[in-house]
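Report on one structure; see the data block that follows.
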Amino acid sequence: MSEASVVQVKTTPEDLLNLPEEKRRAAIEQKEMPIVLAHEVHKWYGNFHVLRGINMEVFKGEVIVIFGPSGSGKSTFIRTINRLEEYQKGKIIVDGIELSRDVRNIEKIRMETGMVFQQFNLFPHLTVMQNITLAPIHVRKWPKAKAEEVALQLLARVGIPDQADKYPGQLSGGQQQRVAIARALAMQPKIMLFDEPTSALDPEMIKEVLDVMIELAESGMTMLVVTHEMGFARAVADRMYFFDQGQIVESGTPEEIFTNPKEDRTKLFLSQILH
Amino acid sequence: MMNREVNKQYSSGEVLAPPTERYTVLGWLKKNLFSTWYYTLLTLVTLYVLYAVLKPTLFWALKQAEWEVVVVNLRLFMVGQYPADQIFRIWIALHLLAFTAGLAWAIWLPKARRIGAFLLLIPLGLAALPFISGFSRLNWILFDIFALAGWGLGIWKPKAMRRPLIWLLLAYFPILILLILGVEPILKIVKTNLWGGLLLTMLLAVVGITVSFPLGILLALGRQSKLPIVKGFSVLYIEIIRGVPLVTVLFMAQLMLPLFLPPQIKIDNVLRAMAGIILFAAAYMAENVRGGLQAIPKGQHEAAWALGLSGFQTMYYIILPQALRNVIPVIVGQFIALFKDTSLVAIVGLLDLLGIASTVLAQPEFIGHQREVYLFIALIYWVFSYAMSYASRRLEVALGVGER
Ligand SMILES: Nc1ncnc2c1ncn2[C@@H]1O[C@H](COP(=O)(O)OP(=O)(O)O)[C@@H](O)[C@H]1O
Ligand SMILES: [Mg+2]
């Protein structure tokens, strides 16, 4: 197994960072430059080398599906993008801002990225409405009325317009995950990160969440999705990345991955999950 | 018609199915006390011990004891040397408490009517005691009236009263202190060395818990801090205080506190004891709060951070509200323990409930009445501790069902 990354990326961090701020922004808008760029990212947990040189570029409006065996580092990687995890080597640039130890950069990037977790992580002591409006009011400093208006629109968009006054514990799993999506969207992020959003759901609720995600993808949102829902990938993914043992083993369009995978490990894994 | 009849019979037949022994006294006795030979033995031994202890105790309490010592000194036991013409201030504080409690009961425990009614009987019972003054009698009745007024208001406008209730609860502590201590020129200052008896015991416990609460939160957060100095100080403080008995902290407060203060500031014994109790309670409070903080899943922090909330906002809006709600029962437990522990201030010369006991026993006409006095005091401690732990269990249930 080669230590060097299999997947190569066209843009280098310098290409992006050397541009003046205005031009950088325009280039990202024009999809000439990636909105998310990961360059040779390495991470260790103690001695355990969990990310071993990840390279990835995601352009505005793209939907990326990340899949691979359990423990391969998918969650760890997606969580480095909004700095829930630190990394020790390499560079990650999100929306033209380099992720570093600088707290202000971390705050900026967290405002531009929304995240949806496997376990929903709604705030149980707050109503659905309060869950959604908390960050817009206290981080974006919106007036309460505006935040609530946006929240109601989002609840309608995810298909639960009449649950605003309930507490998360009173909702089904599928409804909770849709509230979590609405909560993330309320901050009007440019990028949405999903870490196995349907894995904790009963089968009959998976579709209602995937439908919301598909609608979101079709609306032009930039999305990075860790999932094994291959139907979703086939329907909306622009590119798929196969992770194994902390590396990207293979990447390609859904068409390429499903009909003509190049690597044996990809073939084996796909055959396991598709039967 | 026919159908309904049949159904009724069918269902009533079902309900009656369980064996009858549960519903008769004899059946109950047999099942719970005499089901096997060793249960029978245990029951008999217990009954004998109860008999051996209770019979002489009751005989003494009803036939031999001279309760006059308690009756004559009742005011001393209740409020110490608090001036008789100012006692109305304590009653005002109690009536405000009754009103607030009634309101809180209506809003948070609207279904627990029967227990509420039962609690209202206690002041009525006190008002019926033969040896109290007419003024006290009137005030105990007023106490119930205020409680009912608060309750009625809460039932009438539960939504609108939520916010005033919170304000009332927050304001109660400062109002209490102002009432008892006084504010010139409206209310004459009553020096703390005149506070005594149950009043002092209660004030020490209430001030101890209330002031140690924010301190405990700060210490708990400090203990989790990434800043080594803050963390080091918090850990050191908590571990030192938890490693020494309260009595030593009280002595330290009496003897050492003057060393830290400029000589022109003189603080009296009661304030020193309060400081000692607060410092002591804060360490335990910190550990209770820390337990609550650690019980919050990591995903709650992560979700808040991912939304862009700062560390402070995450704590303030997400983590602390959940953690504190979870530790309310533990804090009530700590309060009850502190209520009893304050009796140690008698050792440093304060006239709390226990301290008053020794002064009463030093009165020439009541020498040798230790049994009556200490039994009476034990009864007061027990009644209050039990009432509070009972109320906290109800509170726990009420908080548990609400919103999860
Ligand atoms: N906090 C941690 N400390 C040590 N090892 C960890 C930690 N978090 C994850 N790991 C390990 O890192 C590897 C990758 O985990 P993860 O990114 O969650 O995988 P995936 O999401 O692909 O299933 C796993 O082997 C896991 O055991
Ligand atoms: Mg994972």
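Within each chain, counting starts at residue 1; across the structure tokens, chains are named A, B, ... in the order shown, with ligands numbered 1 upward in that order.
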
Q: May I have the residues of chain A within 9 Å of chain B, counting only C-alpha atoms, written as a PyMOL selection string?
A: chain A and resi 82-84+106-117+119-126+134-136+138-139+166-170+183-184+187

Q: Kindly work out which residues sit at most 12 Å from ligand 2, using only C-alpha atoms and all ligand atoms, and give the list as a list in words.
A: Ile66, Phe67, Gly68, Pro69, Ser70, Gly71, Ser72, Gly73, Lys74, Ser75, Thr76, Phe77, Ile78, Arg79, Phe117, Gln118, Gln119, Phe194, Asp195, Glu196, Pro197, Thr198, Ser199, Ala200, Val225, Val226, Thr227, His228 and Phe243 of chain A

Atoms to include: N, CA and C atoms. Write the selected residues as a tab-separated table (two decimals), in the first residue's frame.
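Result file selection02.tsv:
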```tsv
chain	number	residue	atom	x	y	z
A	66	ILE	N	-19.18	10.60	0.69
A	66	ILE	CA	-18.01	9.91	1.22
A	66	ILE	C	-18.49	8.59	1.80
A	67	PHE	N	-17.88	7.49	1.37
A	67	PHE	CA	-18.30	6.20	1.92
A	67	PHE	C	-17.08	5.33	2.17
A	68	GLY	N	-17.27	4.25	2.88
A	68	GLY	CA	-16.15	3.36	3.20
A	68	GLY	C	-16.42	2.64	4.49
A	69	PRO	N	-15.56	1.65	4.78
A	69	PRO	CA	-15.83	0.82	5.96
A	69	PRO	C	-15.79	1.62	7.25
A	70	SER	N	-16.43	1.06	8.26
A	70	SER	CA	-16.45	1.69	9.58
A	70	SER	C	-15.03	1.79	10.13
A	71	GLY	N	-14.72	2.93	10.70
A	71	GLY	CA	-13.38	3.13	11.27
A	71	GLY	C	-12.36	3.63	10.27
A	72	SER	N	-12.80	3.94	9.03
A	72	SER	CA	-11.84	4.34	8.01
A	72	SER	C	-11.49	5.83	8.09
A	73	GLY	N	-12.14	6.57	8.97
A	73	GLY	CA	-11.77	7.97	9.15
A	73	GLY	C	-12.72	8.96	8.50
A	74	LYS	N	-13.89	8.50	8.04
A	74	LYS	CA	-14.84	9.39	7.36
A	74	LYS	C	-15.32	10.50	8.30
A	75	SER	N	-15.77	10.09	9.50
A	75	SER	CA	-16.27	11.10	10.45
A	75	SER	C	-15.14	12.04	10.84
A	76	THR	N	-14.00	11.47	11.12
A	76	THR	CA	-12.87	12.30	11.54
A	76	THR	C	-12.58	13.35	10.49
A	77	PHE	N	-12.57	12.93	9.22
A	77	PHE	CA	-12.26	13.90	8.17
A	77	PHE	C	-13.32	14.99	8.08
A	78	ILE	N	-14.58	14.60	8.04
A	78	ILE	CA	-15.63	15.61	7.83
A	78	ILE	C	-15.66	16.58	9.01
A	79	ARG	N	-15.27	16.08	10.18
A	79	ARG	CA	-15.26	16.95	11.37
A	79	ARG	C	-14.04	17.86	11.43
A	117	PHE	N	-25.69	15.62	12.45
A	117	PHE	CA	-25.02	14.49	13.09
A	117	PHE	C	-25.87	13.23	13.01
A	118	GLN	N	-25.19	12.12	13.16
A	118	GLN	CA	-25.90	10.84	13.18
A	118	GLN	C	-26.94	10.80	14.31
A	119	GLN	N	-26.57	11.31	15.49
A	119	GLN	CA	-27.45	11.24	16.66
A	119	GLN	C	-28.31	12.49	16.83
A	194	PHE	N	-22.83	16.43	6.44
A	194	PHE	CA	-23.73	15.41	7.01
A	194	PHE	C	-22.89	14.20	7.39
A	195	ASP	N	-22.97	13.77	8.65
A	195	ASP	CA	-22.24	12.57	9.07
A	195	ASP	C	-23.24	11.46	9.35
A	196	GLU	N	-23.40	10.58	8.37
A	196	GLU	CA	-24.35	9.46	8.46
A	196	GLU	C	-25.71	9.89	9.03
A	197	PRO	N	-26.38	10.81	8.34
A	197	PRO	CA	-27.61	11.39	8.91
A	197	PRO	C	-28.76	10.41	9.03
A	198	THR	N	-28.71	9.28	8.33
A	198	THR	CA	-29.86	8.37	8.42
A	198	THR	C	-29.52	7.06	9.13
A	199	SER	N	-28.30	6.94	9.64
A	199	SER	CA	-27.89	5.65	10.21
A	199	SER	C	-28.60	5.31	11.51
A	200	ALA	N	-29.06	6.34	12.24
A	200	ALA	CA	-29.71	6.06	13.52
A	200	ALA	C	-31.23	5.98	13.38
A	225	VAL	N	-21.41	14.62	2.26
A	225	VAL	CA	-22.30	13.69	2.96
A	225	VAL	C	-21.59	12.36	3.17
A	226	VAL	N	-21.41	11.98	4.42
A	226	VAL	CA	-20.95	10.63	4.72
A	226	VAL	C	-22.20	9.77	4.79
A	227	THR	N	-22.30	8.79	3.90
A	227	THR	CA	-23.51	7.96	3.91
A	227	THR	C	-23.27	6.67	3.14
A	228	HIS	N	-24.08	5.68	3.47
A	228	HIS	CA	-24.07	4.45	2.68
A	228	HIS	C	-25.38	4.29	1.92
A	243	PHE	N	-13.26	5.89	1.16
A	243	PHE	CA	-12.24	5.95	2.22
A	243	PHE	C	-11.93	4.54	2.71
```

Q: Name all residues at most 9 Å from B:Val235 (count only C-alpha atoms; drop same-chain ones fewer than 4 positions away) and give them as JSON, numbers by chain.
A: {"B": [219, 220, 222, 223, 230, 231, 239, 240]}

What lies within 12 Å of B:Ile115 using only C-alpha atoms, ignoring chain neighbours under 4 positions off, as a PDB file with C-alpha atoms, in the first residue's frame?
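To be explicit, this is the file written out as around_2.pdb:
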```pdb
ATOM      1  CA  TRP B 105     -47.008  24.996  43.402  1.00  0.00           C
ATOM      2  CA  ALA B 106     -49.849  26.072  41.105  1.00  0.00           C
ATOM      3  CA  LEU B 109     -47.211  21.064  40.374  1.00  0.00           C
ATOM      4  CA  PRO B 110     -50.790  21.903  39.361  1.00  0.00           C
ATOM      5  CA  LYS B 111     -51.868  18.270  39.677  1.00  0.00           C
ATOM      6  CA  LEU B 119     -49.315  20.851  53.547  1.00  0.00           C
ATOM      7  CA  LEU B 120     -51.784  23.659  54.291  1.00  0.00           C
ATOM      8  CA  LEU B 121     -52.963  21.696  57.307  1.00  0.00           C
ATOM      9  CA  ILE B 122     -49.567  22.029  58.981  1.00  0.00           C
ATOM     10  CA  ALA B 387     -40.784  18.017  54.738  1.00  0.00           C
ATOM     11  CA  TYR B 390     -40.561  14.996  50.575  1.00  0.00           C
ATOM     12  CA  ALA B 391     -41.068  18.209  48.615  1.00  0.00           C
ATOM     13  CA  ARG B 394     -42.256  15.663  44.294  1.00  0.00           C
TER      14      ARG B 394
END
```

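Note that atom CA of A:Val212 and atom CA of A:Gly173 are 14.2 Å apart.
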
Q | Contact residues around stretch 327-332 of chain B with only C-alpha atoms at 8 Å, ignoring same-chain residues under 4 positions, as a list in words | A | Met285, Asn288, Val289, Gly291, Gly292, Ala323, Ile336, Met388, Ser389, Ser392, Arg393, Leu395 and Glu396 of chain B

Output all heavy atoms for every residue in that selection, as a PDB file, in the first residue's frame.
```pdb
ATOM      1  N   MET B 285     -20.909  22.090  46.424  1.00  0.00           N
ATOM      2  CA  MET B 285     -21.747  22.530  45.314  1.00  0.00           C
ATOM      3  C   MET B 285     -20.996  22.349  43.996  1.00  0.00           C
ATOM      4  O   MET B 285     -21.555  21.886  42.998  1.00  0.00           O
ATOM      5  CB  MET B 285     -22.114  23.999  45.522  1.00  0.00           C
ATOM      6  CG  MET B 285     -23.091  24.537  44.533  1.00  0.00           C
ATOM      7  SD  MET B 285     -24.709  23.785  44.664  1.00  0.00           S
ATOM      8  CE  MET B 285     -25.407  24.726  45.990  1.00  0.00           C
ATOM      9  N   ASN B 288     -21.104  18.819  42.901  1.00  0.00           N
ATOM     10  CA  ASN B 288     -22.439  18.468  42.406  1.00  0.00           C
ATOM     11  C   ASN B 288     -22.654  18.998  40.999  1.00  0.00           C
ATOM     12  O   ASN B 288     -23.145  18.300  40.112  1.00  0.00           O
ATOM     13  CB  ASN B 288     -23.519  19.027  43.329  1.00  0.00           C
ATOM     14  CG  ASN B 288     -23.562  18.286  44.654  1.00  0.00           C
ATOM     15  OD1 ASN B 288     -23.086  17.158  44.748  1.00  0.00           O
ATOM     16  ND2 ASN B 288     -24.106  18.925  45.668  1.00  0.00           N
ATOM     17  N   VAL B 289     -22.290  20.266  40.790  1.00  0.00           N
ATOM     18  CA  VAL B 289     -22.470  20.868  39.471  1.00  0.00           C
ATOM     19  C   VAL B 289     -21.590  20.152  38.447  1.00  0.00           C
ATOM     20  O   VAL B 289     -22.014  19.888  37.322  1.00  0.00           O
ATOM     21  CB  VAL B 289     -22.154  22.374  39.508  1.00  0.00           C
ATOM     22  CG1 VAL B 289     -22.162  22.960  38.110  1.00  0.00           C
ATOM     23  CG2 VAL B 289     -23.157  23.100  40.387  1.00  0.00           C
ATOM     24  N   GLY B 291     -20.685  17.093  38.434  1.00  0.00           N
ATOM     25  CA  GLY B 291     -21.357  15.852  38.074  1.00  0.00           C
ATOM     26  C   GLY B 291     -22.413  16.096  37.007  1.00  0.00           C
ATOM     27  O   GLY B 291     -22.524  15.348  36.039  1.00  0.00           O
ATOM     28  N   GLY B 292     -23.182  17.180  37.177  1.00  0.00           N
ATOM     29  CA  GLY B 292     -24.212  17.520  36.194  1.00  0.00           C
ATOM     30  C   GLY B 292     -23.606  17.865  34.847  1.00  0.00           C
ATOM     31  O   GLY B 292     -24.113  17.457  33.797  1.00  0.00           O
ATOM     32  N   ALA B 323     -27.511  20.873  32.768  1.00  0.00           N
ATOM     33  CA  ALA B 323     -26.778  20.307  33.903  1.00  0.00           C
ATOM     34  C   ALA B 323     -27.433  20.714  35.219  1.00  0.00           C
ATOM     35  O   ALA B 323     -27.636  19.881  36.103  1.00  0.00           O
ATOM     36  CB  ALA B 323     -25.325  20.764  33.869  1.00  0.00           C
ATOM     37  N   ILE B 336     -30.530  20.149  52.652  1.00  0.00           N
ATOM     38  CA  ILE B 336     -31.030  19.494  53.865  1.00  0.00           C
ATOM     39  C   ILE B 336     -29.864  19.110  54.775  1.00  0.00           C
ATOM     40  O   ILE B 336     -29.904  19.317  55.990  1.00  0.00           O
ATOM     41  CB  ILE B 336     -31.873  18.253  53.488  1.00  0.00           C
ATOM     42  CG1 ILE B 336     -33.120  18.715  52.722  1.00  0.00           C
ATOM     43  CG2 ILE B 336     -32.273  17.477  54.724  1.00  0.00           C
ATOM     44  CD1 ILE B 336     -33.903  17.590  52.101  1.00  0.00           C
ATOM     45  N   MET B 388     -38.769  18.837  53.652  1.00  0.00           N
ATOM     46  CA  MET B 388     -38.007  19.277  52.481  1.00  0.00           C
ATOM     47  C   MET B 388     -37.671  18.112  51.554  1.00  0.00           C
ATOM     48  O   MET B 388     -37.733  18.240  50.337  1.00  0.00           O
ATOM     49  CB  MET B 388     -36.731  19.995  52.932  1.00  0.00           C
ATOM     50  CG  MET B 388     -37.028  21.371  53.518  1.00  0.00           C
ATOM     51  SD  MET B 388     -35.570  22.340  53.872  1.00  0.00           S
ATOM     52  CE  MET B 388     -34.928  21.543  55.316  1.00  0.00           C
ATOM     53  N   SER B 389     -37.298  16.977  52.126  1.00  0.00           N
ATOM     54  CA  SER B 389     -36.940  15.873  51.230  1.00  0.00           C
ATOM     55  C   SER B 389     -38.192  15.346  50.530  1.00  0.00           C
ATOM     56  O   SER B 389     -38.136  14.941  49.369  1.00  0.00           O
ATOM     57  CB  SER B 389     -36.194  14.769  51.975  1.00  0.00           C
ATOM     58  OG  SER B 389     -37.074  13.997  52.725  1.00  0.00           O
ATOM     59  N   SER B 392     -38.852  17.725  47.734  1.00  0.00           N
ATOM     60  CA  SER B 392     -37.884  17.604  46.636  1.00  0.00           C
ATOM     61  C   SER B 392     -38.178  16.377  45.782  1.00  0.00           C
ATOM     62  O   SER B 392     -37.981  16.392  44.576  1.00  0.00           O
ATOM     63  CB  SER B 392     -36.461  17.566  47.169  1.00  0.00           C
ATOM     64  OG  SER B 392     -36.098  16.265  47.525  1.00  0.00           O
ATOM     65  N   ARG B 393     -38.673  15.325  46.407  1.00  0.00           N
ATOM     66  CA  ARG B 393     -39.031  14.152  45.598  1.00  0.00           C
ATOM     67  C   ARG B 393     -40.170  14.480  44.650  1.00  0.00           C
ATOM     68  O   ARG B 393     -40.172  14.088  43.486  1.00  0.00           O
ATOM     69  CB  ARG B 393     -39.410  12.976  46.502  1.00  0.00           C
ATOM     70  CG  ARG B 393     -38.214  12.223  47.048  1.00  0.00           C
ATOM     71  CD  ARG B 393     -38.620  10.818  47.484  1.00  0.00           C
ATOM     72  NE  ARG B 393     -39.657  10.840  48.509  1.00  0.00           N
ATOM     73  CZ  ARG B 393     -39.418  10.948  49.813  1.00  0.00           C
ATOM     74  NH1 ARG B 393     -38.196  11.061  50.240  1.00  0.00           N
ATOM     75  NH2 ARG B 393     -40.405  10.945  50.675  1.00  0.00           N
ATOM     76  N   LEU B 395     -40.810  17.411  43.497  1.00  0.00           N
ATOM     77  CA  LEU B 395     -40.236  18.322  42.511  1.00  0.00           C
ATOM     78  C   LEU B 395     -39.534  17.525  41.416  1.00  0.00           C
ATOM     79  O   LEU B 395     -39.663  17.808  40.227  1.00  0.00           O
ATOM     80  CB  LEU B 395     -39.252  19.247  43.214  1.00  0.00           C
ATOM     81  CG  LEU B 395     -38.682  20.397  42.414  1.00  0.00           C
ATOM     82  CD1 LEU B 395     -39.785  21.387  42.110  1.00  0.00           C
ATOM     83  CD2 LEU B 395     -37.571  21.088  43.198  1.00  0.00           C
ATOM     84  N   GLU B 396     -38.805  16.495  41.851  1.00  0.00           N
ATOM     85  CA  GLU B 396     -38.087  15.655  40.911  1.00  0.00           C
ATOM     86  C   GLU B 396     -39.043  15.032  39.898  1.00  0.00           C
ATOM     87  O   GLU B 396     -38.811  15.054  38.696  1.00  0.00           O
ATOM     88  CB  GLU B 396     -37.391  14.556  41.705  1.00  0.00           C
ATOM     89  CG  GLU B 396     -36.090  14.099  41.147  1.00  0.00           C
ATOM     90  CD  GLU B 396     -35.408  13.179  42.152  1.00  0.00           C
ATOM     91  OE1 GLU B 396     -35.430  13.478  43.357  1.00  0.00           O
ATOM     92  OE2 GLU B 396     -34.896  12.165  41.722  1.00  0.00           O
TER      93      GLU B 396
END
```

Q: From the DSSP assignment of the backbone, select every residue of stretch 91-324 of chain B that is helix (DSSP H, G or I), and format the answer as number ranges by chain.
A: B: 91-108, 113-127, 134-156, 158-181, 192-194, 197-223, 228-242, 246-260, 269-294, 298-306, 311-324

Might you pull out every residue within 7 Å of A:Val150, with only C-alpha atoms counted and same-chain residues fewer than 4 positions away left off, and present them as a short mmCIF file (atom, residue, chain, number, x, y, z; two decimals) with N, CA, C and O atoms, in the first residue's frame?
```cif
data_model
loop_
_atom_site.label_atom_id
_atom_site.label_comp_id
_atom_site.auth_asym_id
_atom_site.auth_seq_id
_atom_site.Cartn_x
_atom_site.Cartn_y
_atom_site.Cartn_z
N LYS A 146 -37.27 38.13 13.12
CA LYS A 146 -36.75 37.67 11.85
C LYS A 146 -36.31 36.20 11.94
O LYS A 146 -36.64 35.38 11.07
N LEU A 154 -38.31 27.44 7.25
CA LEU A 154 -37.48 26.24 7.16
C LEU A 154 -38.25 25.00 7.62
O LEU A 154 -38.13 23.93 7.02
N ALA A 186 -30.69 27.33 9.25
CA ALA A 186 -31.10 28.65 9.74
C ALA A 186 -29.93 29.63 9.80
O ALA A 186 -30.12 30.84 9.75
#
```

(Q) So, with only C-alpha atoms as the atoms that count, which of B:Gly80, B:Gly243, B:Gly197, B:Pro158 lies closest to B:Ser343? (A)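 Result for the nearest residue to B:Ser343: B:Gly197.
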
Q.
Report, in Å with one decimal, the straight-line distance from atom CA of A:Ile160 to atom CA of A:Ser219.
A.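 Result for atom CA of A:Ile160 versus atom CA of A:Ser219: 18.9 Å, one decimal.
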
**Q.** Selection near B:Gly216, 10 Å with only C-alpha atoms, sequence-local residues under 2 positions removed, as a ChimeraX atom specification
**A.** /B:209,211-214,218-222,234,238,278-279,281-290

Q) Quick one, how far is atom 27 (O, counted along the ligand's line) of ligand 1 from atom CA of A:Asn47? A) 12.2 Å

Q) Taking the backbone alone, and naming residues the way the document does, which bits of stretch 25-129 of chain A are strand (DSSP E or B) by DSSP, as an MDAnalysis selection string? A) chainID A and resid 36:45 48:58 63:67 89:94 97:98 113:116
